[in-house]
file structure_21.cif (mmCIF, C-alpha atoms and all ligand atoms)
data_upload
loop_
_atom_site.label_atom_id
_atom_site.label_comp_id
_atom_site.auth_asym_id
_atom_site.auth_seq_id
_atom_site.Cartn_x
_atom_site.Cartn_y
_atom_site.Cartn_z
CA MET A 7 36.87 54.09 58.69
CA ASP A 8 38.19 51.32 56.46
CA ILE A 9 37.53 48.29 58.69
CA GLU A 10 38.53 45.78 56.02
CA ARG A 11 41.93 47.46 55.74
CA LEU A 12 42.38 47.26 59.53
CA ARG A 13 41.46 43.57 59.47
CA ARG A 14 43.99 42.97 56.68
CA GLU A 15 46.75 44.85 58.52
CA PHE A 16 46.05 43.12 61.86
CA PRO A 17 44.95 39.61 60.86
CA ALA A 18 45.53 38.15 64.33
CA ARG A 19 43.02 40.48 65.96
CA ARG A 20 39.29 40.24 66.21
CA ILE A 21 37.98 43.65 65.11
CA ASP A 22 34.27 44.28 65.61
CA TYR A 23 32.66 47.36 64.07
CA TYR A 24 29.28 48.84 65.01
CA PRO A 25 27.91 51.77 62.96
CA ALA A 26 26.13 52.82 66.17
CA ILE A 27 26.25 51.35 69.65
CA ASP A 28 25.63 52.50 73.22
CA SER A 29 29.28 52.08 74.28
CA THR A 30 32.20 50.08 72.89
CA MET A 31 33.19 49.39 76.52
CA ARG A 32 30.14 47.23 76.99
CA ALA A 33 30.63 45.36 73.71
CA ALA A 34 34.26 44.57 74.59
CA VAL A 35 33.47 42.80 77.87
CA GLY A 36 34.33 39.09 77.65
CA LEU A 37 36.34 39.30 74.40
CA LYS A 38 39.84 37.85 74.42
CA PRO A 39 42.95 40.06 74.76
CA GLY A 40 43.88 41.71 71.48
CA SER A 41 40.25 42.15 70.43
CA VAL A 42 39.15 45.59 69.27
CA VAL A 43 35.66 47.10 69.22
CA LEU A 44 35.09 50.19 67.09
CA ALA A 45 32.00 52.29 66.57
CA GLY A 46 30.97 54.99 64.12
CA GLN A 47 28.88 56.57 66.82
CA GLN A 48 28.07 55.96 70.50
CA THR A 49 24.71 56.79 72.00
CA ALA A 50 25.93 56.39 75.60
CA GLY A 51 29.71 56.93 75.39
CA GLN A 52 31.29 56.68 78.84
CA GLY A 53 33.88 59.10 80.17
CA ARG A 54 35.88 58.96 83.38
CA HIS A 55 34.34 59.83 86.74
CA GLY A 56 30.86 58.84 85.53
CA ARG A 57 30.81 61.51 82.82
CA SER A 58 29.56 60.91 79.29
CA TRP A 59 31.77 61.02 76.18
CA HIS A 60 30.56 63.15 73.27
CA SER A 61 30.56 60.66 70.36
CA GLU A 62 29.41 62.49 67.24
CA ALA A 63 28.64 60.18 64.30
CA GLY A 64 31.55 59.59 61.92
CA SER A 65 33.80 62.28 63.43
CA GLY A 66 35.85 60.45 66.03
CA ILE A 67 37.57 57.28 67.04
CA TYR A 68 35.48 55.36 69.55
CA CYS A 69 37.48 52.30 70.35
CA SER A 70 37.88 49.67 73.07
CA ILE A 71 40.90 47.38 73.09
CA VAL A 72 40.99 44.31 75.30
CA LEU A 73 44.38 44.06 77.03
CA LYS A 74 46.05 41.85 79.59
CA PRO A 75 46.47 43.47 83.02
CA ALA A 76 49.76 45.40 83.06
CA PRO A 77 51.49 47.95 85.31
CA ALA A 78 50.86 51.66 84.80
CA LEU A 79 48.35 50.83 82.06
CA THR A 80 46.62 54.19 82.34
CA LEU A 81 49.82 56.16 81.74
CA ALA A 82 50.97 53.78 78.99
CA LEU A 83 47.72 54.30 77.08
CA GLY A 84 48.04 58.07 77.20
CA LEU A 85 51.56 57.78 75.81
CA ALA A 86 50.38 55.39 73.09
CA THR A 87 47.51 57.63 72.03
CA ALA A 88 49.73 60.72 71.88
CA ASP A 89 52.32 58.75 69.91
CA ALA A 90 49.71 57.56 67.39
CA ILE A 91 48.36 61.08 66.90
CA THR A 92 51.87 62.39 66.28
CA ARG A 93 52.68 59.62 63.80
CA ALA A 94 49.39 60.16 61.93
CA THR A 95 49.35 63.97 61.88
CA GLY A 96 52.83 65.23 62.78
CA MET A 97 51.36 67.18 65.70
CA ALA A 98 52.94 66.92 69.14
CA CYS A 99 50.51 66.45 72.03
CA ASP A 100 50.76 67.16 75.73
CA LEU A 101 49.56 64.71 78.39
CA ARG A 102 47.51 65.80 81.39
CA TRP A 103 47.94 63.30 84.20
CA PRO A 104 46.84 60.58 84.21
CA ASN A 105 45.98 60.18 80.53
CA ASP A 106 44.18 63.08 78.88
CA VAL A 107 45.73 63.94 75.54
CA MET A 108 45.88 67.68 74.97
CA LEU A 109 46.47 70.02 72.04
CA ALA A 110 47.04 73.71 72.77
CA GLY A 111 45.58 73.32 76.26
CA LYS A 112 42.39 71.58 75.15
CA LYS A 113 41.50 67.91 75.35
CA VAL A 114 41.67 66.01 72.06
CA ALA A 115 41.49 62.45 73.39
CA GLY A 116 40.37 60.69 76.55
CA ILE A 117 41.02 57.25 77.92
CA LEU A 118 38.98 55.08 80.23
CA VAL A 119 40.44 51.86 81.63
CA GLN A 120 38.04 49.27 83.06
CA ASN A 121 39.28 45.79 83.96
CA ALA A 122 42.12 45.94 81.41
CA ILE A 123 39.79 47.16 78.67
CA ALA A 124 41.20 50.35 77.19
CA GLY A 125 38.52 52.74 76.00
CA ILE A 126 40.03 55.39 73.75
CA GLY A 127 38.08 58.31 72.36
CA ILE A 128 39.80 60.69 69.93
CA ASN A 129 38.16 63.83 68.60
CA VAL A 130 39.28 63.71 64.99
CA ASN A 131 37.07 65.56 62.49
CA HIS A 132 34.74 67.47 64.79
CA THR A 133 34.34 71.02 63.53
CA SER A 134 32.52 72.21 66.64
CA PHE A 135 31.45 70.98 70.07
CA PRO A 136 28.37 71.47 72.22
CA ALA A 137 28.54 74.70 74.20
CA GLU A 138 29.36 72.96 77.49
CA LEU A 139 32.48 71.35 75.92
CA ALA A 140 33.59 74.14 73.61
CA LEU A 141 36.06 75.69 76.05
CA GLU A 142 37.82 72.46 76.96
CA ALA A 143 37.56 70.17 73.91
CA THR A 144 39.27 70.28 70.55
CA SER A 145 39.72 67.99 67.55
CA LEU A 146 42.62 67.12 65.30
CA ARG A 147 40.87 68.75 62.35
CA LEU A 148 40.50 72.03 64.20
CA HIS A 149 44.33 72.09 64.36
CA THR A 150 45.31 70.65 60.99
CA GLY A 151 42.62 72.62 59.15
CA ALA A 152 41.80 69.57 57.02
CA PRO A 153 40.05 66.21 57.51
CA VAL A 154 42.19 63.51 59.12
CA SER A 155 41.81 59.84 58.20
CA LEU A 156 40.37 57.72 61.03
CA THR A 157 41.96 54.65 59.44
CA THR A 158 45.44 56.23 59.47
CA ILE A 159 45.09 56.94 63.18
CA MET A 160 43.94 53.38 63.93
CA LEU A 161 46.86 51.98 61.90
CA ALA A 162 49.18 53.90 64.22
CA LEU A 163 47.20 53.39 67.43
CA LEU A 164 47.02 49.60 67.65
CA PRO A 165 50.81 49.03 67.33
CA ALA A 166 51.48 51.98 69.66
CA VAL A 167 49.26 50.46 72.36
CA ASP A 168 51.06 47.12 71.99
CA ARG A 169 54.47 48.82 72.31
CA PHE A 170 53.72 51.00 75.33
CA VAL A 171 51.78 48.45 77.41
CA GLU A 172 54.74 46.06 77.21
CA LEU A 173 57.14 48.53 78.84
CA ASP A 174 58.06 48.19 82.52
CA LYS A 175 56.54 50.57 85.04
CA ASP A 176 59.71 52.63 85.61
CA THR A 177 60.10 53.26 81.89
CA ILE A 178 56.45 54.25 81.50
CA VAL A 179 56.69 56.66 84.44
CA ARG A 180 59.92 58.14 83.04
CA LEU A 181 58.47 58.56 79.51
CA PHE A 182 55.28 60.08 80.88
CA THR A 183 57.19 62.54 83.04
CA ARG A 184 59.18 63.62 79.99
CA ALA A 185 56.12 63.93 77.73
CA SER A 186 53.79 65.75 80.11
CA SER A 187 53.98 69.44 80.97
CA TYR A 188 51.63 68.63 83.85
CA ALA A 189 54.00 66.24 85.61
CA ALA A 190 56.13 68.88 87.30
CA GLY A 191 56.11 72.63 87.83
CA GLN A 192 52.52 73.16 86.68
CA ARG A 193 50.07 75.12 88.82
CA VAL A 194 46.97 72.94 89.09
CA THR A 195 43.66 72.54 90.80
CA VAL A 196 42.64 69.00 91.68
CA GLU A 197 39.16 67.79 92.52
CA GLN A 198 39.42 65.52 95.55
CA PRO A 199 36.60 63.74 97.38
CA ASP A 200 36.88 66.29 100.22
CA GLY A 201 37.19 69.42 98.07
CA VAL A 202 39.41 71.13 95.54
CA ILE A 203 43.12 71.58 96.27
CA GLU A 204 45.50 73.96 94.55
CA GLY A 205 49.25 73.65 94.25
CA THR A 206 52.18 72.91 91.96
CA THR A 207 52.90 69.49 90.49
CA ALA A 208 56.13 67.94 91.76
CA GLY A 209 56.63 64.81 89.65
CA LEU A 210 55.26 61.28 89.75
CA ASP A 211 55.99 58.77 92.49
CA PRO A 212 57.40 55.35 91.45
CA ALA A 213 53.88 53.92 91.12
CA GLY A 214 52.90 56.70 88.72
CA PHE A 215 50.77 58.78 91.09
CA LEU A 216 50.99 62.57 90.84
CA ILE A 217 52.66 64.54 93.62
CA VAL A 218 51.18 68.00 94.23
CA HIS A 219 53.05 70.44 96.43
CA LYS A 220 50.37 72.47 98.16
CA ASP A 221 50.77 76.13 99.04
CA ASP A 222 50.82 75.25 102.77
CA GLY A 223 54.11 73.42 102.13
CA THR A 224 52.76 69.86 102.33
CA ASP A 225 52.71 67.27 99.54
CA THR A 226 49.62 65.32 98.48
CA LEU A 227 49.62 62.19 96.35
CA ILE A 228 46.86 62.31 93.74
CA LEU A 229 45.47 58.83 93.11
CA ALA A 230 42.78 59.65 90.54
CA GLY A 231 42.24 62.37 87.93
CA GLY A 232 40.40 65.65 88.15
CA VAL A 233 43.58 67.66 87.48
CA ARG A 234 43.30 70.98 85.66
CA ALA A 235 45.72 73.78 84.96
CA ALA A 236 44.99 76.47 87.53
CA GLY A 237 42.95 79.28 86.05
CA SER A 238 41.64 77.20 83.15
C1 LIG A 301 37.58 60.43 79.51
O1 LIG A 301 36.65 60.80 80.24
O2 LIG A 301 38.52 61.19 79.27
C2 LIG A 301 37.57 59.04 78.93
C3 LIG A 301 36.81 59.00 77.65
C4 LIG A 301 36.82 57.62 77.02
C5 LIG A 301 35.94 57.58 75.80
C6 LIG A 301 36.05 56.28 75.06
S1 LIG A 301 35.24 56.32 73.49
C7 LIG A 301 35.46 54.62 73.32
C8 LIG A 301 35.21 54.00 74.67
N1 LIG A 301 33.79 53.74 74.83
C9 LIG A 301 33.25 54.50 75.77
O3 LIG A 301 32.05 54.48 76.09
N2 LIG A 301 34.18 55.28 76.33
C10 LIG A 301 35.49 55.05 75.74
#
call {"tool": "encode", "arguments": {"input": "structure_21.cif", "output": "C-alpha cells", "more": "lines below"}}
Ligand code: BTN
result
Amino acid sequence: MDIERLRREFPARRIDYYPAIDSTMRAAVGLKPGSVVLAGQQTAGQGRHGRSWHSEAGSGIYCSIVLKPAPALTLALGLATADAITRATGMACDLRWPNDVMLAGKKVAGILVQNAIAGIGINVNHTSFPAELALEATSLRLHTGAPVSLTTIMLALLPAVDRFVELDKDTIVRLFTRASSYAAGQRVTVEQPDGVIEGTTAGLDPAGFLIVHKDDGTDTLILAGGVRAAGS
C-alpha cells in the first residue's frame, strides 16, 4: 500500500499506518473524524458478533475510518465499500444485509461499526483461506485472476465513504434495497438470540431493518445480522 500517495491525495486527513497491529479499531479510538488507520496485518482483527477477522499480512485492506454519527451508517458503509470495489476492479458486488459485501455468493468484505468508527476489511489478494473460511470467503484476486492494487481500492474507498454517509436515511435504504439481492425475495436463515428462523426477505423497513416473512405467515423485523441464504 502506497501510504504516501494516500496522504498526498487526501491531505486533510490524518492517515496512520501500522505494518502490524492487534486491531485498527483500537488504534482509531479517540482520533478526530476523518482520521484513517490502516494496517498491513492484524493479529487480533475483530469481526461482527465477537468473531475474529482473518487478516493475512499484505493481502487485504484492514482499515478503520473515524466518522461522525449518521443515520443508517451500517448500510451506507456497505454501499460505499461495494461502490469502491466496483470502481477499482469493474466487478459488481452484492450486499448481504446489513453490510456484508459478496461476490458470487461468498463474502469479500466485512464491516464493523463501533461508536461511529467504521472498520472495513476487504479480502483483496488472498489466494486461499483457512479451511474453516474456505466455503464462505473469497477475495478480489480469486475473481480477477490477477493481483489488485490496495492503493487503488483505498483511493476509491475514502471518497465513497464520504459520499454515502452524507446521504439521508431514506436514500440509503432505497439504494441498499436496489443493490442487495438479499433485501427482498431471498430465502434466508437468520440467527436470532432465541434460535434460527427461516423465511423469505420482504424488504427493509424505513429505519433500515430487514423484514423476514416467516413460513407461518408472520413477519419478523431483524435488528442485527446473522442472515444467510437458506441452504448455504
Ligand atoms: C465482519 O465481521 O464482517 C466485520 C469485519 C470487519 C473487519 C475490519 S478489518 C479493519 C477493522 N479492524 C478490525 O479489527 N476489524 C475491522
call {"tool": "closest_residue", "arguments": {"input": "structure_21.cif", "among": "A:Pro104, A:Gly111, A:Pro165, A:Gly237", "to": "ligand LIG 301 (chain A)", "atoms": "all atoms listed in the file"}}
result
A:Pro104
call {"tool": "closest_residue", "arguments": {"input": "structure_21.cif", "among": "A:Gly191, A:Val42, A:Asp176, A:Ser65", "to": "Leu12 (chain A)", "atoms": "only C-alpha atoms"}}
result
A:Val42
call {"tool": "closest_residue", "arguments": {"input": "structure_21.cif", "among": "A:Leu139, A:Ala230, A:Ala124, A:Ala110", "to": "ligand LIG 301 (chain A)", "atoms": "only C-alpha atoms and all ligand atoms"}}
result
A:Ala124
call {"tool": "residues_near_ligand", "arguments": {"input": "structure_21.cif", "ligand": "ligand LIG 301 (chain A)", "cutoff": "6 Å", "atoms": "only C-alpha atoms and all ligand atoms", "output": "list in words"}}
result
Ser29, Thr30, Met31, Gly51, Gln52, Gly53, Arg54, Trp59, Tyr68, Cys69, Ser70, Asp106, Gly116, Ile117, Leu118, Gly125, Ile126 and Gly127 of chain A
call {"tool": "atom_distance", "arguments": {"input": "structure_21.cif", "atom1": "CA of Asp221 (chain A)", "atom2": "CA of Arg184 (chain A)"}}
result
24.3 Å
call {"tool": "closest_residue", "arguments": {"input": "structure_21.cif", "among": "A:Pro199, A:Gly64, A:Pro25, A:Pro17", "to": "Leu156 (chain A)", "atoms": "all atoms listed in the file"}}
result
A:Gly64
call {"tool": "residues_near_point", "arguments": {"input": "structure_21.cif", "point": "(55.7, 65.7, 77.1)", "cutoff": "12 Å", "atoms": "all atoms listed in the file", "output": "number ranges by chain"}}
result
A: 84-85, 88-89, 92, 98-103, 105-109, 179-190
call {"tool": "residues_near_point", "arguments": {"input": "structure_21.cif", "point": "(47.0, 44.0, 74.7)", "cutoff": "10 Å", "atoms": "all atoms listed in the file", "output": "ChimeraX atom specification"}}
result
/A:38-42,71-76,122-124,164-165,167-172
call {"tool": "closest_residue", "arguments": {"input": "structure_21.cif", "among": "A:Gly66, A:Gly223, A:Gly209, A:Gly214", "to": "Leu81 (chain A)", "atoms": "all atoms listed in the file"}}
result
A:Gly214
call {"tool": "atom_distance", "arguments": {"input": "structure_21.cif", "atom1": "CA of Tyr24 (chain A)", "atom2": "CA of Arg57 (chain A)"}}
result
21.9 Å
call {"tool": "atom_distance", "arguments": {"input": "structure_21.cif", "atom1": "CA of Ile91 (chain A)", "atom2": "CA of Leu148 (chain A)"}}
result
13.7 Å
